[in-house]
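> Have a look at this one.
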Amino acid sequence: MSEFPWHEHYPAGTSSEIGDLPARNLPELLSTSAAEDPGAVAFTQCMPNGMNGSLRYSEVERLSDQFAVYLREVVGLEVGDRVAVQLPNCLSYPVVAFGILKAGCVLVNTNPLYTASEMTHQFSDSGARALVIIDMFADRLPQALASTSIETVVTVRISEFFPAVVAGIIRATQRYWSRTLPIVSVEHTPLREALEAGREQIDGGSGLATYLEGVGPDTLAVLQYTGGTTGVAKGAMLSHGNLVANTLQMLAMCGTHLRRGEETVLTALPLYHVFAFTVNLIGFYHMRGRNILVPSPRPPSNLKRAFENYPITWLTGVNTLFNALLNERWFLDHPPRRLRASAAGGMALHQSVAERWREVTRTPIVEGYGLTESSPVLTFNPLGGTVKDGTIGIPIPSTTVRCVDDAGNALSAGQPGELVARGPQIMQGYWQRADETEHTLVDGWLHTGDIAEMDDDGYFRIVDRKKDMVLVSGFNVYPNEVEECLTAMPTVREAGVIGVPDPKTGEAVRAFIVADDPAPSLDEIVAHCREYLAAYKVPRSVELRDELPKSPIGKILRKELRTDPGASTNDPAPETAPGSEEASPR
Amino acid sequence: MTTSLHTLATQVVPPADHEVVTQFEQVILIVLVFVIMFGLGAGLTPRDFTSALRRPWGLIIAWLTQFGIMPLLAFGLVLGLILQLPNEVAAPLALGALLMGAVPAGTTSNIFTYFSKGNLGLSVMMTTNSTLWALLMTPLMLHLYGTRFMPAGLDLQIPVANIVITLVVMLVPVGLAMVIRRYHPNIGAVMELLGGFFGLFFIVFLVVTWVPRNWVLLTGTSWQVFTVAICLGLFGIAVAYGIARAIKMHPKDARTVGLETGIQNGPLAIAIILLSFPASPQLGLLLLVPALYSLFIVIVATFVTLYFRRANLAEEQKIPSLL
C-alpha cells in the first residue's frame, strides 16, 4: 500500500501538491480580487432584522490601506508589532484585519466575549501595542488594560459603513432601547477618525507601498490564541506563508463546487476563530466571493433574514449550527435554493446531522479537521470525491498525516495512534514559549494530541482526544482553568471538571465539587464563574460530592469522574444549570 | 329594584352612533392600520405564506375556532350573564354580544400577533380567510344562536364595503411592503421598525381615547355586561390557544391562532348594527357589547401579548447559550 493512499481521492483536477505559493504574503494574495473586479460586493453585514451594509472590493482595499497607514504613520507601529482585534463579525473586521496585515503588523484575534482577566492575559502575553475593539464591550477596558502595553485603542461601531439613516437607527436602538453602549472611559479613537487620519497621510504621500517590502512567507501574520495541551492560552504563530498555503490547500479540496467570482458565503461563525478566518475571510475573498457576515448566529432565527435576502451558495459551520438550522421551520420549509455545499469543522459533525442536512438541502456537506496550530485545515472530505461520514476526510494537498505510537513510529492503517501532521500550514511555534513548541513540533511534525486511525483509503477517523480538553460548540475549554476558578470560591474545597456529551453543544462542562457546609448554590457558583470565565466555559451542571477520586500524589482523576456512574448521562438528578430565570435547587 | 334597573336602561341608551365611533376616528384608525400593516408587511416574504399553506391545519383549526368556538362562547356568556338582566335590556344586549362572537377576526390581531412574535404570515392569511367567510358565516351564526332575540322581520345587513375595507387596508400595504423589501432590505427593515412603533402608538391611542370619552358608558354599565365584553375576548384567546397547543401546533402558530380567534373585528360588528338597525330605539344597547368589547380587547390582548412574550420565548430557545 502506498504511503499516501489518499492521493487517489482528490477531486478531479486537484494535484497532490499545491506548488509554489503565488503570493509572498496575504495582502499580495488578496489584492488580486479587487484588481479583477473592484465594483463587486465583497462583504455584506446582515443584522437580525435585515438591516445591512456592504463594502465593495475597491472600498475594502481603500479603507484597509487607510488603516494600514494610520497604524504605521499616525500610531507609529513597526513591522511585527502586534495589534489585538476584538470584533464580532462586521464590516469593520476585514478593513481592520487587512489593514493590520498591510502595515506588516501582526493580527491578534481576540474573542469579544472574553472577560477582563482573559483579555489582560492575551494582551500582555502577545505584547500588543494597539487594540481595535467593538464599543459595546469597551467597558471592560480600564480593568483589562491595566498591566498591558496597549497604548492605542480604536473603537468600532457595529453599524460602521452602513447607510447613514440605518446606522443612525441602529445606534439609537443600542443607546436608548437595548442600552448596550457603555461609556468608554479610556482614551480612544473611533475607527472613522483613524481612517480619516490615514487618508490624510496617503494624500500627503505615505510609505504605503514600502510597508511590505520585507514581509515574506516566513513573516509572522497572525497570533491565534489557543489553550494547546496545558490550558494556558498561548499564541500559535501563523505566518503569511502558513495562511496563504492553507487557503490554497483548502480551496483545492472544493473542486468545482467553489467557482471564482460567483459564490455567496454565509459567515455565521466568528471571524476571530481560525476556521472562519482562513476559510471564509481569506478563502472566499481570494475567490472573489460575496461574504454575508452575521454578527451573532444566536438564536438561529438571526440567520433567517440573511437566508431570505441573499442567494447563499456556501455555508461553513460547526455541528451545533447545522443542527440548529435543521430545527428551524423556516429553514426546513425553504432550504436555501442556491446552496452548493457546506463545510463543517471545529467539532465532530454528527452523522445524523450530516445525513439530514443532505436530505433537506440536497447539497453535500463535508467534514474537515484541523487545529489552530495548523492554520487550521489539515484534512477534509473531498467535495466531488468520496465522502465518508464519521471521518475527518483525507489530508489536504501538500500535507502528510500519519498516526504514530508513543515512540513516534508510524502505524499502519487501522491502528489507532496520535495524529501528527506536516505541511506548509503548520505554525512556526508558540509565541515566546519555546518549551511548549518543542513538545508540540517534533522534527517538523505537529503533534495534535488527538488519537486517530486511518483506513485503507487514507481517510482518518478521530478515536479519542488525548487531552482532557472539553470541546463546547467548537470552543476549547480547559478543565484546569475552570477548576481553578471554582476553587477560588471560599466555600469550594476541591473541584474536578470534565466534559459530558451534550446533544446541542457536543460537549458540556460538568463540575464536581467538594464544598464546605453550607454548600454554595448552583446560582452562586455560576455567578462566580461568569465573572471570571467566558460564558461557554461556565459549568452547565455541578455535582456536589463528599470526595473526589485522586491519584496517590493527590491529583484529581478526571478519567474516573468520567467513568463514575454518577457522572453518566442518565444520572437521575444532576443539578443542571438553568436559564437565569429558573430557581436553583439547594 | 325597578328604579335601579330603569336607571340602567336609560343611562345606557343615549349614544348616537357618532359617540361610539366617530367618522373622524374611523378614518384615523383605517389610516393607522394601513400604515402599520405597511410596516409589518415588510417583514414578510412569499415564503411566509407558502409555509402557512403547507400546514393547512393551521387555517382549518383557525376557521373552526373562529366560527365554532367564538359564537358558542358568546352564546354561553349570554345565557349565563346577560339573561340575568331584565328582558327589555337583555334582548338587544344579547344580540350585540352574539354578533360580536360571529364576526371575523380584525386587523388588530395582526398587530398583536406581531408583538407576540407569532406567525404574521399565518395571521394575515387567517384574517383574510375569516373575513371572506364572514359573508356567509356571520349571518348564519347569528341566526343559529340569536333568532329568539331578533325583532320580527329583521333584515340583517352585512356591509360589504367594510369587508372590502378590512381586506384592502391589510392586503394592499402588506403586498406593497413585500415588494419594497424584496428590492431594498434596508428600507424594509426601517419600515418594519416604524410599523412597530406605530403599532404601539395605535394600542395606546385606542385605550387613551376610548376610556375618557366613554366614561359615562363605563360607569353606567352593569357588571354582567362588562364580564361578557371582557371574557369573550379573553376566553376566545385562551380556548383557541389551548386547542392549538393540545394538537401540538408550533408555539408560534398557536399564539397566532389564539390571538386571531379572540380578537374580533369590532368596527365591523358596529357597522353591521348601524346598517341593520338604523332607527332602532335600542341602538345604544345593541352597540354596548361591541363598543365595550372593542375597548377591552385592546387591554386583554396587551396582557396576553406580554404573557406570550415571557412564557414562550424561553421555551423556544432551542440553541444553547453559545455558538
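Going by the C-alpha cells order, chains are called A, B, ..., each with residues numbered from 1, while ligands are numbered from 1 in the order shown.
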Please provide as a PDB file with N, CA and C atoms, in the first residue's frame all residues within 8 Å of stretch 359-375 of chain A, with the sequence filter that same-chain residues fewer than 6 positions apart are discarded (counting only C-alpha atoms).

```pdb
ATOM      1  N   GLN A 224      -2.709  33.468  16.887  1.00  0.00           N
ATOM      2  CA  GLN A 224      -4.040  32.925  17.140  1.00  0.00           C
ATOM      3  C   GLN A 224      -3.987  32.163  18.453  1.00  0.00           C
ATOM      4  N   TYR A 225      -4.673  32.660  19.462  1.00  0.00           N
ATOM      5  CA  TYR A 225      -4.533  32.067  20.798  1.00  0.00           C
ATOM      6  C   TYR A 225      -5.322  30.781  20.942  1.00  0.00           C
ATOM      7  N   THR A 226      -4.702  29.858  21.637  1.00  0.00           N
ATOM      8  CA  THR A 226      -5.300  28.546  21.863  1.00  0.00           C
ATOM      9  C   THR A 226      -4.746  27.999  23.165  1.00  0.00           C
ATOM     10  N   ALA A 236      -0.506  30.752  18.843  1.00  0.00           N
ATOM     11  CA  ALA A 236       0.068  29.999  17.724  1.00  0.00           C
ATOM     12  C   ALA A 236       0.539  31.014  16.690  1.00  0.00           C
ATOM     13  N   MET A 237       1.804  30.904  16.296  1.00  0.00           N
ATOM     14  CA  MET A 237       2.384  31.874  15.358  1.00  0.00           C
ATOM     15  C   MET A 237       2.127  31.421  13.937  1.00  0.00           C
ATOM     16  N   LEU A 238       1.180  32.072  13.283  1.00  0.00           N
ATOM     17  CA  LEU A 238       0.853  31.715  11.907  1.00  0.00           C
ATOM     18  C   LEU A 238       1.479  32.756  10.975  1.00  0.00           C
ATOM     19  N   ASN A 242       2.068  30.346   5.979  1.00  0.00           N
ATOM     20  CA  ASN A 242       1.130  29.368   6.541  1.00  0.00           C
ATOM     21  C   ASN A 242      -0.276  29.611   6.010  1.00  0.00           C
ATOM     22  N   LEU A 243      -0.708  30.867   6.095  1.00  0.00           N
ATOM     23  CA  LEU A 243      -2.102  31.184   5.773  1.00  0.00           C
ATOM     24  C   LEU A 243      -2.360  31.188   4.273  1.00  0.00           C
ATOM     25  N   ASN A 246      -2.464  27.472   3.391  1.00  0.00           N
ATOM     26  CA  ASN A 246      -3.655  26.770   3.856  1.00  0.00           C
ATOM     27  C   ASN A 246      -4.890  27.176   3.060  1.00  0.00           C
ATOM     28  N   VAL A 274     -10.160  30.707  14.050  1.00  0.00           N
ATOM     29  CA  VAL A 274      -9.246  30.448  12.934  1.00  0.00           C
ATOM     30  C   VAL A 274      -9.941  29.799  11.731  1.00  0.00           C
ATOM     31  N   PHE A 275     -10.963  29.000  11.978  1.00  0.00           N
ATOM     32  CA  PHE A 275     -11.660  28.310  10.883  1.00  0.00           C
ATOM     33  C   PHE A 275     -12.312  29.324   9.945  1.00  0.00           C
ATOM     34  N   THR A 278      -9.612  31.724   8.112  1.00  0.00           N
ATOM     35  CA  THR A 278      -8.920  31.230   6.921  1.00  0.00           C
ATOM     36  C   THR A 278      -9.902  30.873   5.811  1.00  0.00           C
ATOM     37  N   LEU A 332     -36.361  24.580   7.182  1.00  0.00           N
ATOM     38  CA  LEU A 332     -36.818  23.312   6.598  1.00  0.00           C
ATOM     39  C   LEU A 332     -37.809  23.558   5.457  1.00  0.00           C
ATOM     40  N   PRO A 335     -35.324  25.557   2.352  1.00  0.00           N
ATOM     41  CA  PRO A 335     -33.864  25.460   2.420  1.00  0.00           C
ATOM     42  C   PRO A 335     -33.265  26.289   1.283  1.00  0.00           C
ATOM     43  N   PRO A 336     -32.093  26.868   1.510  1.00  0.00           N
ATOM     44  CA  PRO A 336     -31.517  27.772   0.502  1.00  0.00           C
ATOM     45  C   PRO A 336     -31.410  27.095  -0.871  1.00  0.00           C
ATOM     46  N   ARG A 337     -32.091  27.683  -1.844  1.00  0.00           N
ATOM     47  CA  ARG A 337     -32.180  27.057  -3.161  1.00  0.00           C
ATOM     48  C   ARG A 337     -30.863  27.054  -3.929  1.00  0.00           C
ATOM     49  N   LEU A 339     -27.852  26.963  -2.629  1.00  0.00           N
ATOM     50  CA  LEU A 339     -26.737  26.366  -1.892  1.00  0.00           C
ATOM     51  C   LEU A 339     -26.036  25.317  -2.738  1.00  0.00           C
ATOM     52  N   ARG A 340     -24.704  25.335  -2.696  1.00  0.00           N
ATOM     53  CA  ARG A 340     -23.933  24.339  -3.450  1.00  0.00           C
ATOM     54  C   ARG A 340     -23.252  23.340  -2.526  1.00  0.00           C
ATOM     55  N   ALA A 341     -22.734  23.830  -1.410  1.00  0.00           N
ATOM     56  CA  ALA A 341     -22.048  22.925  -0.497  1.00  0.00           C
ATOM     57  C   ALA A 341     -21.872  23.576   0.861  1.00  0.00           C
ATOM     58  N   SER A 342     -21.645  22.737   1.857  1.00  0.00           N
ATOM     59  CA  SER A 342     -21.385  23.235   3.205  1.00  0.00           C
ATOM     60  C   SER A 342     -20.174  22.513   3.769  1.00  0.00           C
ATOM     61  N   ALA A 343     -19.434  23.235   4.587  1.00  0.00           N
ATOM     62  CA  ALA A 343     -18.237  22.655   5.193  1.00  0.00           C
ATOM     63  C   ALA A 343     -18.357  22.748   6.699  1.00  0.00           C
ATOM     64  N   ALA A 344     -18.045  21.637   7.365  1.00  0.00           N
ATOM     65  CA  ALA A 344     -18.142  21.595   8.821  1.00  0.00           C
ATOM     66  C   ALA A 344     -16.769  21.379   9.424  1.00  0.00           C
ATOM     67  N   GLY A 345     -16.527  22.053  10.513  1.00  0.00           N
ATOM     68  CA  GLY A 345     -15.264  21.871  11.221  1.00  0.00           C
ATOM     69  C   GLY A 345     -15.467  22.237  12.672  1.00  0.00           C
ATOM     70  N   GLY A 346     -14.378  22.365  13.406  1.00  0.00           N
ATOM     71  CA  GLY A 346     -14.464  22.832  14.786  1.00  0.00           C
ATOM     72  C   GLY A 346     -14.796  21.750  15.787  1.00  0.00           C
ATOM     73  N   ALA A 348     -16.758  17.457  15.956  1.00  0.00           N
ATOM     74  CA  ALA A 348     -17.241  16.344  15.135  1.00  0.00           C
ATOM     75  C   ALA A 348     -18.618  16.646  14.570  1.00  0.00           C
ATOM     76  N   LEU A 349     -18.783  16.390  13.295  1.00  0.00           N
ATOM     77  CA  LEU A 349     -20.097  16.534  12.666  1.00  0.00           C
ATOM     78  C   LEU A 349     -20.835  15.218  12.870  1.00  0.00           C
ATOM     79  N   ASN A 381     -12.904  16.062   3.809  1.00  0.00           N
ATOM     80  CA  ASN A 381     -13.504  15.143   2.846  1.00  0.00           C
ATOM     81  C   ASN A 381     -13.557  15.879   1.514  1.00  0.00           C
ATOM     82  N   PRO A 382     -13.161  15.218   0.419  1.00  0.00           N
ATOM     83  CA  PRO A 382     -13.081  15.918  -0.861  1.00  0.00           C
ATOM     84  C   PRO A 382     -14.475  16.154  -1.448  1.00  0.00           C
ATOM     85  N   LEU A 383     -14.762  17.381  -1.840  1.00  0.00           N
ATOM     86  CA  LEU A 383     -16.031  17.671  -2.495  1.00  0.00           C
ATOM     87  C   LEU A 383     -15.948  17.147  -3.920  1.00  0.00           C
ATOM     88  N   VAL A 387     -16.987  10.860  -0.064  1.00  0.00           N
ATOM     89  CA  VAL A 387     -17.165  11.474   1.248  1.00  0.00           C
ATOM     90  C   VAL A 387     -17.501  10.369   2.231  1.00  0.00           C
ATOM     91  N   ASP A 389     -18.753   9.834   5.928  1.00  0.00           N
ATOM     92  CA  ASP A 389     -19.252  10.422   7.169  1.00  0.00           C
ATOM     93  C   ASP A 389     -18.573   9.763   8.353  1.00  0.00           C
ATOM     94  N   THR A 391     -15.754  10.436   9.336  1.00  0.00           N
ATOM     95  CA  THR A 391     -14.308  10.599   9.230  1.00  0.00           C
ATOM     96  C   THR A 391     -14.009  12.079   9.027  1.00  0.00           C
ATOM     97  N   ILE A 392     -12.761  12.427   9.250  1.00  0.00           N
ATOM     98  CA  ILE A 392     -12.357  13.815   9.032  1.00  0.00           C
ATOM     99  C   ILE A 392     -11.785  13.971   7.621  1.00  0.00           C
ATOM    100  N   GLY A 393     -11.937  12.930   6.806  1.00  0.00           N
ATOM    101  CA  GLY A 393     -11.514  13.025   5.413  1.00  0.00           C
ATOM    102  C   GLY A 393     -10.051  12.670   5.214  1.00  0.00           C
ATOM    103  N   GLN A 425       1.315  24.549   6.225  1.00  0.00           N
ATOM    104  CA  GLN A 425       0.387  25.316   7.060  1.00  0.00           C
ATOM    105  C   GLN A 425       0.703  25.206   8.536  1.00  0.00           C
ATOM    106  N   ILE A 426       1.675  24.361   8.909  1.00  0.00           N
ATOM    107  CA  ILE A 426       1.972  24.168  10.327  1.00  0.00           C
ATOM    108  C   ILE A 426       2.652  25.417  10.894  1.00  0.00           C
ATOM    109  N   MET A 427       2.146  25.848  12.029  1.00  0.00           N
ATOM    110  CA  MET A 427       2.631  27.095  12.659  1.00  0.00           C
ATOM    111  C   MET A 427       4.141  27.087  12.861  1.00  0.00           C
ATOM    112  N   GLY A 429       5.414  28.062  15.665  1.00  0.00           N
ATOM    113  CA  GLY A 429       5.650  27.713  17.061  1.00  0.00           C
ATOM    114  C   GLY A 429       4.719  28.527  17.929  1.00  0.00           C
ATOM    115  N   LEU A 446       3.655  18.214  13.556  1.00  0.00           N
ATOM    116  CA  LEU A 446       2.765  18.774  14.573  1.00  0.00           C
ATOM    117  C   LEU A 446       2.082  17.628  15.309  1.00  0.00           C
ATOM    118  N   THR A 448      -0.795  16.504  17.444  1.00  0.00           N
ATOM    119  CA  THR A 448      -2.109  17.100  17.695  1.00  0.00           C
ATOM    120  C   THR A 448      -2.696  16.718  19.041  1.00  0.00           C
TER     121      THR A 448
END
```
> I'd like a table as a tab-separated table: residues in stretch 144-205 of chain B with an atom no more than 12 Å from stretch 262-265 of chain B, each row giving the shortest atom pair and its distance in Å to one decimal, only C-alpha atoms counted, sorted by chain and rising residue number.

```
residue	atom	partner	partner_atom	distance
B:Asn162	CA	B:Asn265	CA	10.2
B:Ile163	CA	B:Asn265	CA	9.9
B:Ile165	CA	B:Asn265	CA	11.8
B:Thr166	CA	B:Asn265	CA	8.8
B:Leu167	CA	B:Asn265	CA	11.6
```
> Keeping only N, CA and C atoms, take the residues you just selected and write them out as a CSV table (one decimal), in the first residue's frame.

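Written output follows (out-v3.csv):
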```csv
chain,number,residue,atom,x,y,z
B,162,ASN,N,-67.4,47.4,4.3
B,162,ASN,CA,-66.5,47.2,5.5
B,162,ASN,C,-65.6,46.0,5.3
B,163,ILE,N,-66.2,45.0,4.7
B,163,ILE,CA,-65.4,43.8,4.5
B,163,ILE,C,-64.3,44.1,3.5
B,165,ILE,N,-63.0,47.0,2.9
B,165,ILE,CA,-62.0,47.9,3.5
B,165,ILE,C,-61.1,47.1,4.4
B,166,THR,N,-61.6,46.2,5.2
B,166,THR,CA,-60.8,45.4,6.1
B,166,THR,C,-59.7,44.7,5.3
B,167,LEU,N,-60.1,44.1,4.2
B,167,LEU,CA,-59.2,43.4,3.4
B,167,LEU,C,-58.2,44.3,2.7
```
> Would you return as a PDB file with N, CA and C atoms, in the first residue's frame the members of stretch 186-341 of chain A that DSSP assigns to strand (DSSP E or B) on this structure's backbone?

```pdb
ATOM      1  N   THR A 189      -9.781  56.222  19.900  1.00  0.00           N
ATOM      2  CA  THR A 189     -10.036  56.872  18.623  1.00  0.00           C
ATOM      3  C   THR A 189     -11.111  56.078  17.899  1.00  0.00           C
ATOM      4  N   PRO A 190     -12.208  56.717  17.511  1.00  0.00           N
ATOM      5  CA  PRO A 190     -13.199  55.986  16.715  1.00  0.00           C
ATOM      6  C   PRO A 190     -12.589  55.589  15.366  1.00  0.00           C
ATOM      7  N   LEU A 220       5.703  36.676  10.429  1.00  0.00           N
ATOM      8  CA  LEU A 220       4.546  36.392  11.269  1.00  0.00           C
ATOM      9  C   LEU A 220       3.358  37.265  10.849  1.00  0.00           C
ATOM     10  N   ALA A 221       2.187  36.632  10.673  1.00  0.00           N
ATOM     11  CA  ALA A 221       0.992  37.372  10.253  1.00  0.00           C
ATOM     12  C   ALA A 221      -0.047  37.441  11.367  1.00  0.00           C
ATOM     13  N   VAL A 222      -0.279  36.322  12.015  1.00  0.00           N
ATOM     14  CA  VAL A 222      -1.373  36.241  12.987  1.00  0.00           C
ATOM     15  C   VAL A 222      -0.896  35.500  14.235  1.00  0.00           C
ATOM     16  N   LEU A 223      -1.260  36.020  15.393  1.00  0.00           N
ATOM     17  CA  LEU A 223      -1.110  35.249  16.630  1.00  0.00           C
ATOM     18  C   LEU A 223      -2.503  34.781  17.002  1.00  0.00           C
ATOM     19  N   GLN A 224      -2.709  33.468  16.887  1.00  0.00           N
ATOM     20  CA  GLN A 224      -4.040  32.925  17.140  1.00  0.00           C
ATOM     21  C   GLN A 224      -3.987  32.163  18.453  1.00  0.00           C
ATOM     22  N   TYR A 225      -4.673  32.660  19.462  1.00  0.00           N
ATOM     23  CA  TYR A 225      -4.533  32.067  20.798  1.00  0.00           C
ATOM     24  C   TYR A 225      -5.322  30.781  20.942  1.00  0.00           C
ATOM     25  N   THR A 226      -4.702  29.858  21.637  1.00  0.00           N
ATOM     26  CA  THR A 226      -5.300  28.546  21.863  1.00  0.00           C
ATOM     27  C   THR A 226      -4.746  27.999  23.165  1.00  0.00           C
ATOM     28  N   LYS A 234      -2.031  30.272  24.732  1.00  0.00           N
ATOM     29  CA  LYS A 234      -0.781  30.716  24.130  1.00  0.00           C
ATOM     30  C   LYS A 234      -1.000  30.969  22.648  1.00  0.00           C
ATOM     31  N   GLY A 235      -0.153  31.815  22.094  1.00  0.00           N
ATOM     32  CA  GLY A 235      -0.370  32.264  20.726  1.00  0.00           C
ATOM     33  C   GLY A 235       0.305  31.362  19.701  1.00  0.00           C
ATOM     34  N   ALA A 236      -0.506  30.752  18.843  1.00  0.00           N
ATOM     35  CA  ALA A 236       0.068  29.999  17.724  1.00  0.00           C
ATOM     36  C   ALA A 236       0.539  31.014  16.690  1.00  0.00           C
ATOM     37  N   MET A 237       1.804  30.904  16.296  1.00  0.00           N
ATOM     38  CA  MET A 237       2.384  31.874  15.358  1.00  0.00           C
ATOM     39  C   MET A 237       2.127  31.421  13.937  1.00  0.00           C
ATOM     40  N   LEU A 238       1.180  32.072  13.283  1.00  0.00           N
ATOM     41  CA  LEU A 238       0.853  31.715  11.907  1.00  0.00           C
ATOM     42  C   LEU A 238       1.479  32.756  10.975  1.00  0.00           C
ATOM     43  N   SER A 239       2.290  32.284  10.056  1.00  0.00           N
ATOM     44  CA  SER A 239       2.986  33.203   9.163  1.00  0.00           C
ATOM     45  C   SER A 239       2.134  33.496   7.936  1.00  0.00           C
ATOM     46  N   THR A 264     -21.655  33.136  -2.888  1.00  0.00           N
ATOM     47  CA  THR A 264     -22.087  33.965  -1.756  1.00  0.00           C
ATOM     48  C   THR A 264     -22.029  33.075  -0.524  1.00  0.00           C
ATOM     49  N   VAL A 265     -21.125  33.404   0.381  1.00  0.00           N
ATOM     50  CA  VAL A 265     -20.941  32.545   1.549  1.00  0.00           C
ATOM     51  C   VAL A 265     -21.553  33.209   2.775  1.00  0.00           C
ATOM     52  N   LEU A 266     -22.239  32.411   3.557  1.00  0.00           N
ATOM     53  CA  LEU A 266     -22.800  32.928   4.806  1.00  0.00           C
ATOM     54  C   LEU A 266     -21.797  32.667   5.919  1.00  0.00           C
ATOM     55  N   THR A 267     -21.332  33.747   6.546  1.00  0.00           N
ATOM     56  CA  THR A 267     -20.366  33.603   7.626  1.00  0.00           C
ATOM     57  C   THR A 267     -21.070  33.839   8.948  1.00  0.00           C
ATOM     58  N   ARG A 290     -18.844  36.786  -2.389  1.00  0.00           N
ATOM     59  CA  ARG A 290     -19.512  37.776  -1.548  1.00  0.00           C
ATOM     60  C   ARG A 290     -19.737  37.139  -0.196  1.00  0.00           C
ATOM     61  N   ASN A 291     -19.313  37.843   0.835  1.00  0.00           N
ATOM     62  CA  ASN A 291     -19.356  37.308   2.178  1.00  0.00           C
ATOM     63  C   ASN A 291     -20.492  37.955   2.961  1.00  0.00           C
ATOM     64  N   ILE A 292     -21.448  37.154   3.413  1.00  0.00           N
ATOM     65  CA  ILE A 292     -22.546  37.691   4.227  1.00  0.00           C
ATOM     66  C   ILE A 292     -22.174  37.489   5.693  1.00  0.00           C
ATOM     67  N   LEU A 293     -21.909  38.580   6.371  1.00  0.00           N
ATOM     68  CA  LEU A 293     -21.446  38.494   7.754  1.00  0.00           C
ATOM     69  C   LEU A 293     -22.625  38.642   8.714  1.00  0.00           C
ATOM     70  N   TRP A 314     -22.840  29.026  -0.267  1.00  0.00           N
ATOM     71  CA  TRP A 314     -21.926  28.266   0.580  1.00  0.00           C
ATOM     72  C   TRP A 314     -22.191  28.566   2.049  1.00  0.00           C
ATOM     73  N   LEU A 315     -21.980  27.564   2.858  1.00  0.00           N
ATOM     74  CA  LEU A 315     -22.156  27.758   4.294  1.00  0.00           C
ATOM     75  C   LEU A 315     -21.068  26.979   5.015  1.00  0.00           C
ATOM     76  N   THR A 316     -20.422  27.634   5.952  1.00  0.00           N
ATOM     77  CA  THR A 316     -19.490  26.908   6.805  1.00  0.00           C
ATOM     78  C   THR A 316     -20.036  26.969   8.219  1.00  0.00           C
ATOM     79  N   GLY A 317     -19.747  25.943   8.993  1.00  0.00           N
ATOM     80  CA  GLY A 317     -20.291  25.971  10.348  1.00  0.00           C
ATOM     81  C   GLY A 317     -19.765  24.830  11.183  1.00  0.00           C
ATOM     82  N   ALA A 341     -22.734  23.830  -1.410  1.00  0.00           N
ATOM     83  CA  ALA A 341     -22.048  22.925  -0.497  1.00  0.00           C
ATOM     84  C   ALA A 341     -21.872  23.576   0.861  1.00  0.00           C
TER      85      ALA A 341
END
```
> Please identify all polymer residues within 8 Å of A:Arg338, counting only C-alpha atoms, omitting same-chain residues fewer than 6 positions from it, and present them as a PyMOL selection string.
chain A and resi 311-313
> Grab the residues selected above and save them as an mmCIF file, in the first residue's frame with N, CA and C atoms.

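Just written: again38.cif:
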```
data_model
loop_
_atom_site.group_PDB
_atom_site.id
_atom_site.type_symbol
_atom_site.label_atom_id
_atom_site.label_comp_id
_atom_site.auth_asym_id
_atom_site.auth_seq_id
_atom_site.Cartn_x
_atom_site.Cartn_y
_atom_site.Cartn_z
ATOM 1 N N PRO A 311 -28.692 35.236 -1.939
ATOM 2 C CA PRO A 311 -28.649 33.896 -2.548
ATOM 3 C C PRO A 311 -27.445 33.103 -2.054
ATOM 4 N N ILE A 312 -27.555 32.575 -0.838
ATOM 5 C CA ILE A 312 -26.429 31.878 -0.212
ATOM 6 C C ILE A 312 -26.067 30.629 -1.019
ATOM 7 N N THR A 313 -24.787 30.513 -1.402
ATOM 8 C CA THR A 313 -24.353 29.327 -2.136
ATOM 9 C C THR A 313 -23.423 28.442 -1.303
#
```
> Nearest to A:Gly19: which of A:Val165, A:Val377, A:Ala233, A:Ala245 is it, counting only C-alpha atoms?
A:Ala245
> Tell me, as a ChimeraX atom specification, which residues lie within 10 Å of stretch 533-542 of chain A, counting only C-alpha atoms; anything in the same chain fewer than 6 positions away does not count.
/A:111-118,470-473,475-479,481-483,485-486,495-500,505,508-513,521-522,525-527,574-578 /B:320-323
> Please return, as JSON, numbers by chain, all residues of chain A lying within 8 Å of chain B when only C-alpha atoms are considered.
{"A": [49, 50, 51, 52, 166, 269, 297, 298, 299, 300, 308, 309, 320, 321, 324, 330, 333, 334, 473, 504, 505, 535, 536]}
> How would the residues just chosen look if you wrote them out with C-alpha atoms as an mmCIF file, in the first residue's frame?

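The file below, selection32.cif, is the result:
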```cif
data_model
loop_
_atom_site.group_PDB
_atom_site.id
_atom_site.type_symbol
_atom_site.label_atom_id
_atom_site.label_comp_id
_atom_site.auth_asym_id
_atom_site.auth_seq_id
_atom_site.Cartn_x
_atom_site.Cartn_y
_atom_site.Cartn_z
ATOM 1 C CA ASN A 49 -33.884 42.436 11.317
ATOM 2 C CA GLY A 50 -32.471 42.635 7.802
ATOM 3 C CA MET A 51 -30.711 45.986 8.135
ATOM 4 C CA ASN A 52 -27.493 45.769 6.230
ATOM 5 C CA VAL A 166 -29.862 52.854 9.060
ATOM 6 C CA LEU A 269 -19.050 31.562 12.638
ATOM 7 C CA PRO A 297 -25.997 33.484 14.932
ATOM 8 C CA ARG A 298 -27.812 33.012 18.224
ATOM 9 C CA PRO A 299 -30.716 32.462 18.291
ATOM 10 C CA PRO A 300 -30.645 30.775 14.871
ATOM 11 C CA GLU A 308 -34.159 35.258 2.744
ATOM 12 C CA ASN A 309 -32.366 38.282 1.367
ATOM 13 C CA THR A 320 -24.188 22.957 16.519
ATOM 14 C CA LEU A 321 -25.062 25.452 13.794
ATOM 15 C CA ALA A 324 -29.824 24.350 14.988
ATOM 16 C CA TRP A 330 -38.390 28.425 8.175
ATOM 17 C CA ASP A 333 -39.683 24.819 4.594
ATOM 18 C CA HIS A 334 -37.384 26.812 2.373
ATOM 19 C CA SER A 473 -19.562 24.051 20.312
ATOM 20 C CA LYS A 504 -26.571 20.611 21.420
ATOM 21 C CA THR A 505 -23.040 21.722 22.136
ATOM 22 C CA ALA A 535 -19.903 32.024 29.103
ATOM 23 C CA TYR A 536 -19.020 28.816 27.259
#
```
> Out of B:Ile111, B:Leu136, B:Leu154, B:Leu79, which residue has the shortest atom-to-atom distance to B:Phe277 when counting only C-alpha atoms?
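The answer is B:Leu154, which sits nearest to B:Phe277.
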> Which one of B:Leu142, B:Thr227, B:Thr107, B:Leu306 sits closest to B:Gly80 if you count only C-alpha atoms?
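Result for the nearest residue to B:Gly80: B:Thr227.
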> Got a sec: who's within 10 Å of A:Ser147, counting only C-alpha atoms, leaving out chain neighbours fewer than 6 positions off, as a list of chain:residue names?
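What passes the distance filter is A:Thr120, A:His121, A:Phe123, A:Ser124.
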> Quick check, in Å to one decimal: how far apart do atom CA of A:His257 and atom CA of A:Ser64 lie?
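Distance between the two atoms: 29.6 Å.
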> When you draw a straight line from atom CA of A:Pro11 to atom CA of A:Arg356, how long is it in Å?
23.7 Å
